[in-house]
$ cat model.pdb   # PDB, C-alpha atoms
ATOM      1  CA  ASP A 725     -10.226  -8.388  24.581
ATOM      2  CA  THR A 726     -10.748 -12.159  24.450
ATOM      3  CA  GLY A 727      -7.207 -12.627  23.193
ATOM      4  CA  LYS A 728      -5.624 -11.154  26.294
ATOM      5  CA  GLU A 729      -2.715 -13.579  26.531
ATOM      6  CA  ASN A 730      -2.156 -13.625  22.766
ATOM      7  CA  ASP A 731      -1.848  -9.840  22.800
ATOM      8  CA  ASN A 732       1.479 -10.048  24.655
ATOM      9  CA  VAL A 733       4.772  -9.951  22.762
ATOM     10  CA  ASN A 734       7.624 -12.197  23.855
ATOM     11  CA  SER A 735      10.872 -10.315  23.435
ATOM     12  CA  ILE A 736      14.573 -10.454  24.194
ATOM     13  CA  SER A 737      16.368  -7.316  25.393
ATOM     14  CA  LYS A 738      19.887  -6.552  24.216
ATOM     15  CA  ASN A 739      21.842  -3.986  26.199
ATOM     16  CA  LYS A 740      24.437  -1.984  24.332
ATOM     17  CA  GLY A 741      25.846   0.737  26.538
ATOM     18  CA  LYS A 742      23.078   3.150  27.453
ATOM     19  CA  ASP A 743      20.761   2.005  24.657
ATOM     20  CA  THR A 744      18.342  -0.879  24.977
ATOM     21  CA  GLU A 745      17.235  -2.742  21.889
ATOM     22  CA  VAL A 746      14.286  -5.088  21.936
ATOM     23  CA  VAL A 747      14.694  -8.137  19.712
ATOM     24  CA  VAL A 748      11.406  -9.877  18.946
ATOM     25  CA  ASP A 749      11.393 -13.475  17.733
ATOM     26  CA  LEU A 750       8.596 -13.491  15.167
ATOM     27  CA  ARG A 751       8.488 -17.285  15.250
ATOM     28  CA  VAL A 752       7.084 -17.256  18.786
ATOM     29  CA  ASN A 753       4.932 -14.195  18.105
ATOM     30  CA  PRO A 754       2.998 -15.290  14.992
ATOM     31  CA  GLU A 755       0.518 -13.062  13.217
ATOM     32  CA  ARG A 756      -2.893 -14.447  14.128
ATOM     33  CA  TYR A 757      -6.169 -13.776  15.932
ATOM     34  CA  THR A 758      -5.662 -11.848  19.176
ATOM     35  CA  GLY A 759      -9.203 -10.839  20.072
ATOM     36  CA  TYR A 760      -8.455  -7.209  19.180
ATOM     37  CA  SER A 761     -11.676  -6.012  17.559
ATOM     38  CA  GLY A 762     -14.614  -3.677  18.067
ATOM     39  CA  PRO A 763     -14.634   0.139  17.811
ATOM     40  CA  SER A 764     -10.904   0.554  18.537
ATOM     41  CA  ALA A 765      -9.777  -1.697  15.670
ATOM     42  CA  ALA A 766     -12.460  -0.285  13.379
ATOM     43  CA  LYS A 767     -11.227   3.269  13.992
ATOM     44  CA  VAL A 768      -7.696   2.310  12.940
ATOM     45  CA  TRP A 769      -8.801   0.797   9.632
ATOM     46  CA  SER A 770     -11.259   3.632   9.045
ATOM     47  CA  ALA A 771      -8.466   6.160   9.521
ATOM     48  CA  ILE A 772      -6.241   4.250   7.109
ATOM     49  CA  HIS A 773      -8.818   3.939   4.320
ATOM     50  CA  SER A 774     -10.453   7.361   4.735
ATOM     51  CA  THR A 775      -7.523   9.643   5.594
ATOM     52  CA  ASN A 776      -4.342   7.835   4.571
ATOM     53  CA  CYS A 777      -5.495   6.437   1.240
ATOM     54  CA  PHE A 778      -6.002   8.879  -1.606
ATOM     55  CA  GLN A 779      -9.556  10.101  -2.252
ATOM     56  CA  PRO A 780     -10.964  11.512  -5.490
ATOM     57  CA  THR A 781     -12.051  15.143  -5.320
ATOM     58  CA  HIS A 782     -15.747  15.973  -5.171
ATOM     59  CA  GLU A 783     -15.454  17.741  -8.524
ATOM     60  CA  LYS A 784     -14.146  14.610 -10.235
ATOM     61  CA  LEU A 785     -16.790  12.466  -8.549
ATOM     62  CA  GLU A 786     -19.577  14.745  -9.750
ATOM     63  CA  VAL A 787     -18.245  14.786 -13.308
ATOM     64  CA  ASN A 788     -17.858  11.007 -13.318
ATOM     65  CA  ILE A 789     -21.390  10.386 -12.016
ATOM     66  CA  GLU A 790     -22.839  12.891 -14.480
ATOM     67  CA  ASN A 791     -21.053  11.379 -17.475
ATOM     68  CA  ASN A 792     -21.381   7.757 -16.429
ATOM     69  CA  PRO A 793     -24.004   7.162 -13.722
ATOM     70  CA  LYS A 794     -23.471   3.402 -13.904
ATOM     71  CA  ALA A 795     -19.723   3.614 -13.356
ATOM     72  CA  GLY A 796     -18.114   1.358 -10.786
ATOM     73  CA  ASP A 797     -15.995   2.320  -7.810
ATOM     74  CA  PRO A 798     -14.406   5.700  -8.665
ATOM     75  CA  MET A 799     -11.584   5.137  -6.163
ATOM     76  CA  TYR A 800      -9.396   3.652  -8.876
ATOM     77  CA  CYS A 801     -10.548   5.064 -12.177
ATOM     78  CA  LEU A 802     -10.402   8.740 -11.173
ATOM     79  CA  LEU A 803      -7.033   8.770  -9.415
ATOM     80  CA  PRO A 804      -3.532   9.121 -10.951
ATOM     81  CA  ALA A 805      -1.511   5.931 -11.380
ATOM     82  CA  GLU A 806       0.720   6.363  -8.318
ATOM     83  CA  GLN A 807      -2.286   7.077  -6.089
ATOM     84  CA  ARG A 808      -4.167   4.037  -7.375
ATOM     85  CA  LEU A 809      -1.081   1.933  -6.717
ATOM     86  CA  TYR A 810      -0.742   3.182  -3.148
ATOM     87  CA  ASN A 811      -4.415   2.537  -2.379
ATOM     88  CA  ARG A 812      -4.260  -0.960  -3.824
ATOM     89  CA  VAL A 813      -1.164  -1.867  -1.826
ATOM     90  CA  ILE A 814      -2.848  -0.694   1.398
ATOM     91  CA  SER A 815      -5.939  -2.710   0.478
ATOM     92  CA  GLY A 816      -3.665  -5.704  -0.172
ATOM     93  CA  LEU A 817      -2.117  -5.238   3.270
ATOM     94  CA  HIS A 818      -5.595  -5.266   4.843
ATOM     95  CA  SER A 819      -6.499  -8.423   2.900
ATOM     96  CA  SER A 820      -3.312 -10.140   3.999
ATOM     97  CA  ILE A 821      -3.859  -9.337   7.681
ATOM     98  CA  SER A 822      -7.468 -10.547   7.491
ATOM     99  CA  LEU A 823      -6.436 -13.844   5.895
ATOM    100  CA  HIS A 824      -3.758 -14.459   8.517
ATOM    101  CA  ILE A 825      -6.337 -13.877  11.247
ATOM    102  CA  ALA A 826      -8.775 -16.251   9.530
ATOM    103  CA  HIS A 827      -6.072 -18.893   9.053
ATOM    104  CA  SER A 828      -5.047 -18.882  12.734
ATOM    105  CA  TYR A 829      -8.308 -18.232  14.547
ATOM    106  CA  CYS A 830      -9.232 -19.151  18.100
ATOM    107  CA  GLN A 831     -11.989 -21.736  17.836
ATOM    108  CA  GLU A 832     -12.197 -22.549  21.537
ATOM    109  CA  LEU A 833     -11.059 -20.611  24.602
ATOM    110  CA  ASP A 834      -9.302 -22.397  27.461
ATOM    111  CA  PRO A 835     -11.891 -22.719  30.270
ATOM    112  CA  ASP A 836      -9.156 -22.863  32.905
ATOM    113  CA  LYS A 837      -6.996 -19.937  31.727
ATOM    114  CA  MET A 838      -8.630 -16.582  31.200
ATOM    115  CA  GLY A 839      -8.017 -15.087  27.782
ATOM    116  CA  GLU A 840      -5.974 -18.018  26.430
ATOM    117  CA  CYS A 841      -6.923 -20.087  23.418
ATOM    118  CA  GLN A 842      -7.225 -23.846  23.739
ATOM    119  CA  LYS A 843      -7.936 -24.752  20.121
ATOM    120  CA  TRP A 844      -6.631 -22.990  17.018
ATOM    121  CA  GLY A 845      -7.825 -23.494  13.464
ATOM    122  CA  SER A 846      -8.928 -21.749  10.291
ATOM    123  CA  ASP A 847     -12.215 -19.895   9.904
ATOM    124  CA  ALA A 848     -13.375 -19.964   6.287
ATOM    125  CA  PHE A 849     -16.374 -17.727   6.991
ATOM    126  CA  ILE A 850     -14.152 -14.847   8.099
ATOM    127  CA  ALA A 851     -11.819 -15.382   5.144
ATOM    128  CA  TYR A 852     -14.674 -15.204   2.650
ATOM    129  CA  ASN A 853     -16.614 -12.486   4.422
ATOM    130  CA  ARG A 854     -13.628 -10.153   4.692
ATOM    131  CA  VAL A 855     -11.597 -11.011   1.589
ATOM    132  CA  LEU A 856     -12.394 -13.927  -0.705
ATOM    133  CA  ASP A 857     -15.943 -12.883  -1.579
ATOM    134  CA  HIS A 858     -14.549  -9.530  -2.756
ATOM    135  CA  PRO A 859     -12.594  -9.946  -6.041
ATOM    136  CA  ASP A 860     -11.065  -6.477  -5.790
ATOM    137  CA  ARG A 861      -9.547  -7.280  -2.389
ATOM    138  CA  VAL A 862      -8.016 -10.502  -3.695
ATOM    139  CA  GLU A 863      -6.685  -8.701  -6.765
ATOM    140  CA  ASN A 864      -5.170  -5.975  -4.594
ATOM    141  CA  LEU A 865      -3.374  -8.652  -2.546
ATOM    142  CA  TYR A 866      -1.777  -9.874  -5.786
ATOM    143  CA  VAL A 867      -0.794  -6.287  -6.639
ATOM    144  CA  ALA A 868       0.827  -5.848  -3.220
ATOM    145  CA  PHE A 869       2.696  -9.140  -3.612
ATOM    146  CA  ALA A 870       3.939  -8.177  -7.086
ATOM    147  CA  LEU A 871       5.227  -4.835  -5.808
ATOM    148  CA  LEU A 872       7.013  -6.420  -2.832
ATOM    149  CA  LEU A 873       8.531  -9.149  -4.999
ATOM    150  CA  ARG A 874       9.856  -6.569  -7.437
ATOM    151  CA  ALA A 875      11.342  -4.522  -4.585
ATOM    152  CA  VAL A 876      12.938  -7.493  -2.799
ATOM    153  CA  VAL A 877      14.621  -8.744  -5.964
ATOM    154  CA  LYS A 878      15.816  -5.243  -6.872
ATOM    155  CA  ALA A 879      17.214  -4.754  -3.362
ATOM    156  CA  GLY A 880      18.637  -8.271  -3.039
ATOM    157  CA  GLU A 881      22.263  -7.396  -2.366
ATOM    158  CA  ALA A 882      21.248  -4.381  -0.290
ATOM    159  CA  VAL A 883      19.286  -6.698   2.009
ATOM    160  CA  THR A 884      22.372  -8.866   2.437
ATOM    161  CA  ALA A 885      24.595  -5.858   3.146
ATOM    162  CA  ALA A 886      22.156  -4.380   5.677
ATOM    163  CA  VAL A 887      22.324  -7.333   8.061
ATOM    164  CA  PRO A 888      25.576  -7.530  10.099
ATOM    165  CA  LYS A 889      27.256 -10.865   9.478
ATOM    166  CA  GLU A 890      28.599 -10.981  13.047
ATOM    167  CA  ASP A 891      25.146 -10.599  14.654
ATOM    168  CA  PRO A 892      24.260 -14.044  16.106
ATOM    169  CA  TYR A 893      20.524 -13.267  15.986
ATOM    170  CA  PHE A 894      20.629 -13.117  12.190
ATOM    171  CA  ALA A 895      23.431 -15.549  11.292
ATOM    172  CA  HIS A 896      21.238 -18.509  10.310
ATOM    173  CA  SER A 897      18.648 -16.367   8.553
ATOM    174  CA  LEU A 898      21.314 -14.508   6.586
ATOM    175  CA  SER A 899      22.861 -17.770   5.420
ATOM    176  CA  ASN A 900      19.457 -19.050   4.335
ATOM    177  CA  TRP A 901      18.751 -15.772   2.563
ATOM    178  CA  THR A 902      21.929 -15.706   0.476
ATOM    179  CA  GLY A 903      22.075 -19.426  -0.246
ATOM    180  CA  SER A 904      18.429 -20.225  -0.952
ATOM    181  CA  LEU A 905      15.765 -17.534  -0.671
ATOM    182  CA  LEU A 906      17.297 -14.769  -2.803
ATOM    183  CA  PRO A 907      18.182 -17.107  -5.726
ATOM    184  CA  GLU A 908      14.664 -18.617  -5.628
ATOM    185  CA  LEU A 909      12.979 -15.214  -5.528
ATOM    186  CA  THR A 910      15.134 -13.961  -8.386
ATOM    187  CA  LYS A 911      14.163 -16.991 -10.459
ATOM    188  CA  MET A 912      10.482 -16.485  -9.593
ATOM    189  CA  ALA A 913      10.580 -12.856 -10.676
ATOM    190  CA  ARG A 914      12.326 -13.827 -13.907
ATOM    191  CA  ASP A 915       9.958 -16.695 -14.761
ATOM    192  CA  CYS A 916       6.677 -15.049 -13.771
ATOM    193  CA  PRO A 917       4.908 -12.442 -15.929
ATOM    194  CA  HIS A 918       6.033  -8.876 -15.256
ATOM    195  CA  THR A 919       2.978  -7.488 -13.493
ATOM    196  CA  PHE A 920       4.633  -4.376 -12.097
ATOM    197  CA  ASP A 921       7.165  -1.962 -13.578
ATOM    198  CA  GLU A 922       8.005   1.254 -11.760
ATOM    199  CA  SER A 923       9.730   2.803 -14.783
ATOM    200  CA  THR A 924       6.439   4.161 -16.156
ATOM    201  CA  LEU A 925       5.906   6.184 -12.990
ATOM    202  CA  LEU A 926       9.518   7.314 -12.770
ATOM    203  CA  ALA A 927       9.289   8.582 -16.350
ATOM    204  CA  GLN A 928       6.618  11.123 -15.395
ATOM    205  CA  PRO A 929       8.244  14.588 -15.347
ATOM    206  CA  ASP A 930       6.669  15.628 -12.028
ATOM    207  CA  PHE A 931       7.024  12.328 -10.188
ATOM    208  CA  ARG A 932      10.279  12.990  -8.330
ATOM    209  CA  GLU A 933       9.422  16.587  -7.459
ATOM    210  CA  THR A 934       5.864  16.301  -6.182
ATOM    211  CA  LYS A 935       4.279  12.865  -6.434
ATOM    212  CA  ARG A 936       7.064  10.964  -4.694
ATOM    213  CA  THR A 937       7.073  13.506  -1.866
ATOM    214  CA  GLU A 938       3.362  12.958  -1.319
ATOM    215  CA  LEU A 939       3.823   9.177  -1.231
ATOM    216  CA  GLN A 940       6.514   9.646   1.414
ATOM    217  CA  ARG A 941       4.210  11.882   3.450
ATOM    218  CA  ARG A 942       1.395   9.323   3.273
ATOM    219  CA  PHE A 943       3.740   6.594   4.422
ATOM    220  CA  LYS A 944       4.823   8.594   7.492
ATOM    221  CA  HIS A 945       1.166   9.233   8.272
ATOM    222  CA  LEU A 946       0.465   5.495   8.016
ATOM    223  CA  GLN A 947       3.257   4.808  10.498
ATOM    224  CA  ASN A 948       1.682   7.264  12.935
ATOM    225  CA  ILE A 949      -1.707   5.579  12.611
ATOM    226  CA  MET A 950      -0.172   2.201  13.426
ATOM    227  CA  GLN A 951       1.004   3.565  16.768
ATOM    228  CA  CYS A 952      -2.665   3.967  17.739
ATOM    229  CA  VAL A 953      -3.263   0.201  17.596
ATOM    230  CA  GLY A 954      -4.275  -0.973  21.081
ATOM    231  CA  CYS A 955      -2.855  -4.486  20.821
ATOM    232  CA  ASP A 956       0.878  -5.135  21.201
ATOM    233  CA  ARG A 957       1.072  -8.066  18.801
ATOM    234  CA  CYS A 958      -1.169  -6.351  16.247
ATOM    235  CA  LYS A 959       0.982  -3.229  16.497
ATOM    236  CA  LEU A 960       4.128  -5.344  16.064
ATOM    237  CA  TRP A 961       2.969  -6.941  12.811
ATOM    238  CA  GLY A 962       1.256  -3.792  11.564
ATOM    239  CA  THR A 963       4.372  -1.698  12.143
ATOM    240  CA  LEU A 964       6.612  -4.342  10.580
ATOM    241  CA  GLN A 965       4.539  -4.613   7.413
ATOM    242  CA  THR A 966       4.028  -0.861   7.186
ATOM    243  CA  LEU A 967       7.804  -0.449   7.259
ATOM    244  CA  GLY A 968       8.079  -3.223   4.676
ATOM    245  CA  ILE A 969       5.756  -1.381   2.293
ATOM    246  CA  GLY A 970       7.575   1.902   2.899
ATOM    247  CA  THR A 971      10.899   0.208   2.197
ATOM    248  CA  ALA A 972       9.525  -1.273  -1.015
ATOM    249  CA  LEU A 973       8.461   2.197  -2.173
ATOM    250  CA  LYS A 974      11.903   3.511  -1.212
ATOM    251  CA  VAL A 975      13.668   0.784  -3.215
ATOM    252  CA  LEU A 976      11.495   1.267  -6.279
ATOM    253  CA  PHE A 977      11.114   5.036  -6.381
ATOM    254  CA  ASN A 978      14.002   6.679  -4.521
ATOM    255  CA  ASP A 979      17.259   7.703  -6.153
ATOM    256  CA  VAL A 980      20.163   5.336  -5.521
ATOM    257  CA  GLY A 981      23.432   6.357  -3.889
ATOM    258  CA  GLU A 982      26.401   7.907  -5.638
ATOM    259  CA  ASP A 983      27.831   4.477  -6.395
ATOM    260  CA  GLY A 984      24.568   3.354  -7.976
ATOM    261  CA  GLU A 985      23.719   0.966  -5.153
ATOM    262  CA  ILE A 986      20.641   0.812  -2.944
ATOM    263  CA  GLU A 987      21.294   1.352   0.754
ATOM    264  CA  LEU A 988      19.023  -0.051   3.477
ATOM    265  CA  PHE A 989      19.043  -0.058   7.248
ATOM    266  CA  ARG A 990      18.825  -3.451   8.959
ATOM    267  CA  GLN A 991      15.251  -2.843  10.141
ATOM    268  CA  GLU A 992      14.207  -1.921   6.608
ATOM    269  CA  ALA A 993      15.771  -5.052   5.139
ATOM    270  CA  VAL A 994      14.131  -7.338   7.697
ATOM    271  CA  ALA A 995      10.732  -5.668   7.278
ATOM    272  CA  LEU A 996      10.917  -5.819   3.478
ATOM    273  CA  VAL A 997      11.561  -9.562   3.357
ATOM    274  CA  HIS A 998       9.046 -10.411   6.083
ATOM    275  CA  THR A 999       6.308  -8.372   4.405
ATOM    276  CA  LEU A1000       6.832 -10.259   1.157
ATOM    277  CA  GLU A1001       6.551 -13.501   3.130
ATOM    278  CA  ARG A1002       3.302 -12.305   4.759
ATOM    279  CA  PHE A1003       1.717 -11.499   1.394
ATOM    280  CA  SER A1004       2.953 -14.781  -0.081
ATOM    281  CA  SER A1005       1.511 -16.773   2.840
ATOM    282  CA  ALA A1006      -1.805 -14.917   2.540
ATOM    283  CA  LEU A1007      -2.073 -15.935  -1.118
ATOM    284  CA  LEU A1008      -1.358 -19.529  -0.131
ATOM    285  CA  TYR A1009      -4.071 -19.400   2.549
ATOM    286  CA  ALA A1010      -6.513 -17.990   0.003
ATOM    287  CA  ARG A1011      -5.861 -20.903  -2.326
ATOM    288  CA  GLU A1012      -6.141 -23.457   0.476
ATOM    289  CA  MET A1013      -9.468 -22.074   1.680
ATOM    290  CA  GLY A1014     -10.736 -21.934  -1.879
ATOM    291  CA  GLU A1015      -9.933 -25.600  -2.338
ATOM    292  CA  ILE A1016     -11.700 -26.457   0.931
ATOM    293  CA  LYS A1017     -14.809 -24.568  -0.154
ATOM    294  CA  ARG A1018     -14.881 -26.248  -3.569
ATOM    295  CA  LYS A1019     -14.509 -29.646  -1.926
ATOM    296  CA  GLN A1020     -17.381 -28.907   0.442
ATOM    297  CA  GLU A1021     -19.557 -27.768  -2.478
ATOM    298  CA  ARG A1022     -18.825 -30.979  -4.410
ATOM    299  CA  GLU A1023     -19.674 -33.085  -1.365
ATOM    300  CA  PHE A1024     -22.908 -31.155  -0.878
ATOM    301  CA  GLU A1025     -23.887 -31.642  -4.540
ATOM    302  CA  GLU A1026     -23.084 -35.350  -4.369
ATOM    303  CA  ALA A1027     -25.143 -35.738  -1.203
ATOM    304  CA  ALA A1028     -28.030 -33.876  -2.791
ATOM    305  CA  SER A1029     -27.872 -36.057  -5.923
ATOM    306  CA  THR A1030     -27.833 -39.233  -3.820
ATOM    307  CA  LYS A1031     -30.858 -38.021  -1.850
ATOM    308  CA  LYS A1032     -32.786 -37.389  -5.064
ATOM    309  CA  ILE A1033     -32.016 -40.889  -6.371
ATOM    310  CA  ILE A1034     -33.165 -42.463  -3.115
TER     311      ILE A1034
END
$ encode --input "model.pdb" --output "structure tokens"
Amino acid sequence: DTGKENDNVNSISKNKGKDTEVVVDLRVNPERYTGYSGPSAAKVWSAIHSTNCFQPTHEKLEVNIENNPKAGDPMYCLLPAEQRLYNRVISGLHSSISLHIAHSYCQELDPDKMGECQKWGSDAFIAYNRVLDHPDRVENLYVAFALLLRAVVKAGEAVTAAVPKEDPYFAHSLSNWTGSLLPELTKMARDCPHTFDESTLLAQPDFRETKRTELQRRFKHLQNIMQCVGCDRCKLWGTLQTLGIGTALKVLFNDVGEDGEIELFRQEAVALVHTLERFSSALLYAREMGEIKRKQEREFEEAASTKKII
């Protein structure tokens, strides 16, 4: 692990009676390259995509190939709507994590401190190789963002209510949330095209009885997989965003309380908002790297034209 030092998580312990809570400041533990790679990391993602995501049955695959041998990826076209949505959100999560790694990548190790990075920067090759050269992965990131945005806006007041006003660790963030972030997000959701609407799924007669239960089971399985991550910081961000996605599904698809209001635990509220921020930042990084690539291509074409003239 060449990111040995970056793998550590800086935390603050809070003692309350016999219980010990660990408060992690995400600002000093950013999501970025840690050196966690190789077979261990590959096994985690393989387990997520092959066992946690929904797979079409062999019977449907055979029928699809027989009827349309030139058909594209059957992962989406042969699955029910809720299963396609789940798979695309997980793909969007993977895209987001990859872009954050590419945006904050270790370009030069410190020769005097083992495992510590001396120079950080973006790595466009990784961004394009893992995400940007794959239109479906970029599109799935947009799908994940749209779902999280819808959930955050729908749960707006529940997020506010879930965070104790007297907790000094959240006082500033809560003020910023109620005074600025929530109004801006609500306006964004209102002004932007409606790309996601859960009502079509909720209207299905068997959704609440069977399909929602299966989504909940898959989410719990995803949480278990995240505990197998062998890097503390990777596990931190993976667990946080997994909980954020699970909370979004809860907000959108679960029945509300007797008073008609959504109820969230503090950890769910924090994870929900932070996951939306992660997906939003990933989209921003994608645009920035796209602009850099286009600029480099223009400069290359101009240099080539000048060489021809000379």
$ resolve_selection --input "model.pdb" --expression "the PyMOL selection byres ((chain A and resi 930-936) around 10)" --output "list in words"
Pro804, Glu806, Gln807, Leu925, Leu926, Ala927, Gln928, Pro929, Thr937, Glu938, Leu939, Gln940, Arg941, Arg942, Leu973, Lys974, Phe977, Asn978 and Asp979 of chain A
$ atom_distance --input "model.pdb" --atom1 "atom CA of A:Leu960" --atom2 "atom CA of A:Gly762"
18.9 Å
$ resolve_selection --input "model.pdb" --expression "the PyMOL selection byres ((chain A and resi 821) around 12)" --output "number ranges by chain"
A: 754-758, 769, 814-820, 822-828, 850-851, 854-855, 861, 865, 958-959, 961-962, 964-966, 999, 1002-1007, 1009-1010
$ atom_distance --input "model.pdb" --atom1 "atom CA of A:Thr924" --atom2 "atom CA of A:Leu871"
13.8 Å
$ closest_residue --input "model.pdb" --among "A:Thr902, A:Ser770, A:Gln779, A:Ser923" --to "A:Leu946" --atoms "only C-alpha atoms"
A:Ser770
$ closest_residue --input "model.pdb" --among "A:Val877, A:Ala882, A:Asp921, A:Ala995" --to "A:Leu906" --atoms "all atoms listed in the file"
A:Val877
$ atom_distance --input "model.pdb" --atom1 "atom CA of A:Pro888" --atom2 "atom CA of A:Gln947"
25.5 Å
$ closest_residue --input "model.pdb" --among "A:Val975, A:Cys955, A:Asp836, A:Ser1029" --to "A:Ala765" --atoms "only C-alpha atoms"
A:Cys955
$ residues_around --input "model.pdb" --residues "A:Lys1017" --least-positions-apart "3" --cutoff "12 Å" --atoms "all atoms listed in the file" --output "PDB file with C-alpha atoms, keeping the file's coordinate frame"
ATOM      1  CA  ASP A 847     -12.215 -19.895   9.904  1.00  0.00           C
ATOM      2  CA  ALA A 848     -13.375 -19.964   6.287  1.00  0.00           C
ATOM      3  CA  PHE A 849     -16.374 -17.727   6.991  1.00  0.00           C
ATOM      4  CA  ALA A 851     -11.819 -15.382   5.144  1.00  0.00           C
ATOM      5  CA  TYR A 852     -14.674 -15.204   2.650  1.00  0.00           C
ATOM      6  CA  LEU A 856     -12.394 -13.927  -0.705  1.00  0.00           C
ATOM      7  CA  ASP A 857     -15.943 -12.883  -1.579  1.00  0.00           C
ATOM      8  CA  ALA A1010      -6.513 -17.990   0.003  1.00  0.00           C
ATOM      9  CA  ARG A1011      -5.861 -20.903  -2.326  1.00  0.00           C
ATOM     10  CA  GLU A1012      -6.141 -23.457   0.476  1.00  0.00           C
ATOM     11  CA  MET A1013      -9.468 -22.074   1.680  1.00  0.00           C
ATOM     12  CA  GLY A1014     -10.736 -21.934  -1.879  1.00  0.00           C
ATOM     13  CA  GLN A1020     -17.381 -28.907   0.442  1.00  0.00           C
ATOM     14  CA  GLU A1021     -19.557 -27.768  -2.478  1.00  0.00           C
ATOM     15  CA  ARG A1022     -18.825 -30.979  -4.410  1.00  0.00           C
ATOM     16  CA  GLU A1023     -19.674 -33.085  -1.365  1.00  0.00           C
ATOM     17  CA  PHE A1024     -22.908 -31.155  -0.878  1.00  0.00           C
TER      18      PHE A1024
END
$ closest_residue --input "model.pdb" --among "A:Glu832, A:Asp860, A:Glu1001, A:Glu840" --to "A:Asn811" --atoms "all atoms listed in the file"
A:Asp860
$ closest_residue --input "model.pdb" --among "A:Val862, A:Met838, A:Cys916, A:Ile969" --to "A:Leu996" --atoms "only C-alpha atoms"
A:Ile969
$ closest_residue --input "model.pdb" --among "A:Leu809, A:Val994, A:Cys777, A:Val747" --to "A:Ser897" --atoms "all atoms listed in the file"
A:Val994
$ resolve_selection --input "model.pdb" --expression "the PyMOL selection byres ((chain A and resi 831) around 8)" --output "VMD selection string"
chain A and resid 829 to 830 832 to 833 841 to 845
$ residues_near_point --input "model.pdb" --point "(-1.4, -6.5, -3.5)" --cutoff "7 Å" --atoms "only C-alpha atoms" --output "NGL selection string"
:A and (812-813 or 816-817 or 863-870)
$ build_atoms --input "model.pdb" --residues "stretch 1006-1010 of chain A" --atoms "all heavy atoms" --output "PDB file, in the frame of the given file"
ATOM      1  N   ALA A1006      -0.383 -15.251   2.666  1.00  0.00           N
ATOM      2  CA  ALA A1006      -1.805 -14.917   2.540  1.00  0.00           C
ATOM      3  C   ALA A1006      -2.376 -15.464   1.236  1.00  0.00           C
ATOM      4  O   ALA A1006      -3.506 -15.973   1.205  1.00  0.00           O
ATOM      5  CB  ALA A1006      -1.992 -13.402   2.611  1.00  0.00           C
ATOM      6  N   LEU A1007      -1.614 -15.378   0.159  1.00  0.00           N
ATOM      7  CA  LEU A1007      -2.073 -15.935  -1.118  1.00  0.00           C
ATOM      8  C   LEU A1007      -2.201 -17.449  -1.030  1.00  0.00           C
ATOM      9  O   LEU A1007      -3.136 -18.045  -1.586  1.00  0.00           O
ATOM     10  CB  LEU A1007      -1.098 -15.549  -2.236  1.00  0.00           C
ATOM     11  CG  LEU A1007      -1.119 -14.074  -2.648  1.00  0.00           C
ATOM     12  CD1 LEU A1007       0.032 -13.777  -3.604  1.00  0.00           C
ATOM     13  CD2 LEU A1007      -2.448 -13.714  -3.294  1.00  0.00           C
ATOM     14  N   LEU A1008      -1.281 -18.080  -0.322  1.00  0.00           N
ATOM     15  CA  LEU A1008      -1.358 -19.529  -0.131  1.00  0.00           C
ATOM     16  C   LEU A1008      -2.599 -19.898   0.679  1.00  0.00           C
ATOM     17  O   LEU A1008      -3.316 -20.846   0.336  1.00  0.00           O
ATOM     18  CB  LEU A1008      -0.101 -20.018   0.586  1.00  0.00           C
ATOM     19  CG  LEU A1008      -0.044 -21.522   0.913  1.00  0.00           C
ATOM     20  CD1 LEU A1008      -0.100 -22.345  -0.369  1.00  0.00           C
ATOM     21  CD2 LEU A1008       1.215 -21.858   1.702  1.00  0.00           C
ATOM     22  N   TYR A1009      -2.885 -19.146   1.732  1.00  0.00           N
ATOM     23  CA  TYR A1009      -4.071 -19.400   2.549  1.00  0.00           C
ATOM     24  C   TYR A1009      -5.339 -19.230   1.717  1.00  0.00           C
ATOM     25  O   TYR A1009      -6.305 -19.992   1.867  1.00  0.00           O
ATOM     26  CB  TYR A1009      -4.116 -18.461   3.754  1.00  0.00           C
ATOM     27  CG  TYR A1009      -2.958 -18.615   4.707  1.00  0.00           C
ATOM     28  CD1 TYR A1009      -2.565 -17.563   5.538  1.00  0.00           C
ATOM     29  CD2 TYR A1009      -2.234 -19.799   4.784  1.00  0.00           C
ATOM     30  CE1 TYR A1009      -1.502 -17.689   6.415  1.00  0.00           C
ATOM     31  CE2 TYR A1009      -1.164 -19.928   5.653  1.00  0.00           C
ATOM     32  CZ  TYR A1009      -0.804 -18.875   6.460  1.00  0.00           C
ATOM     33  OH  TYR A1009       0.256 -19.003   7.329  1.00  0.00           O
ATOM     34  N   ALA A1010      -5.345 -18.230   0.857  1.00  0.00           N
ATOM     35  CA  ALA A1010      -6.513 -17.990   0.003  1.00  0.00           C
ATOM     36  C   ALA A1010      -6.762 -19.185  -0.907  1.00  0.00           C
ATOM     37  O   ALA A1010      -7.918 -19.615  -1.093  1.00  0.00           O
ATOM     38  CB  ALA A1010      -6.306 -16.727  -0.825  1.00  0.00           C
TER      39      ALA A1010
END
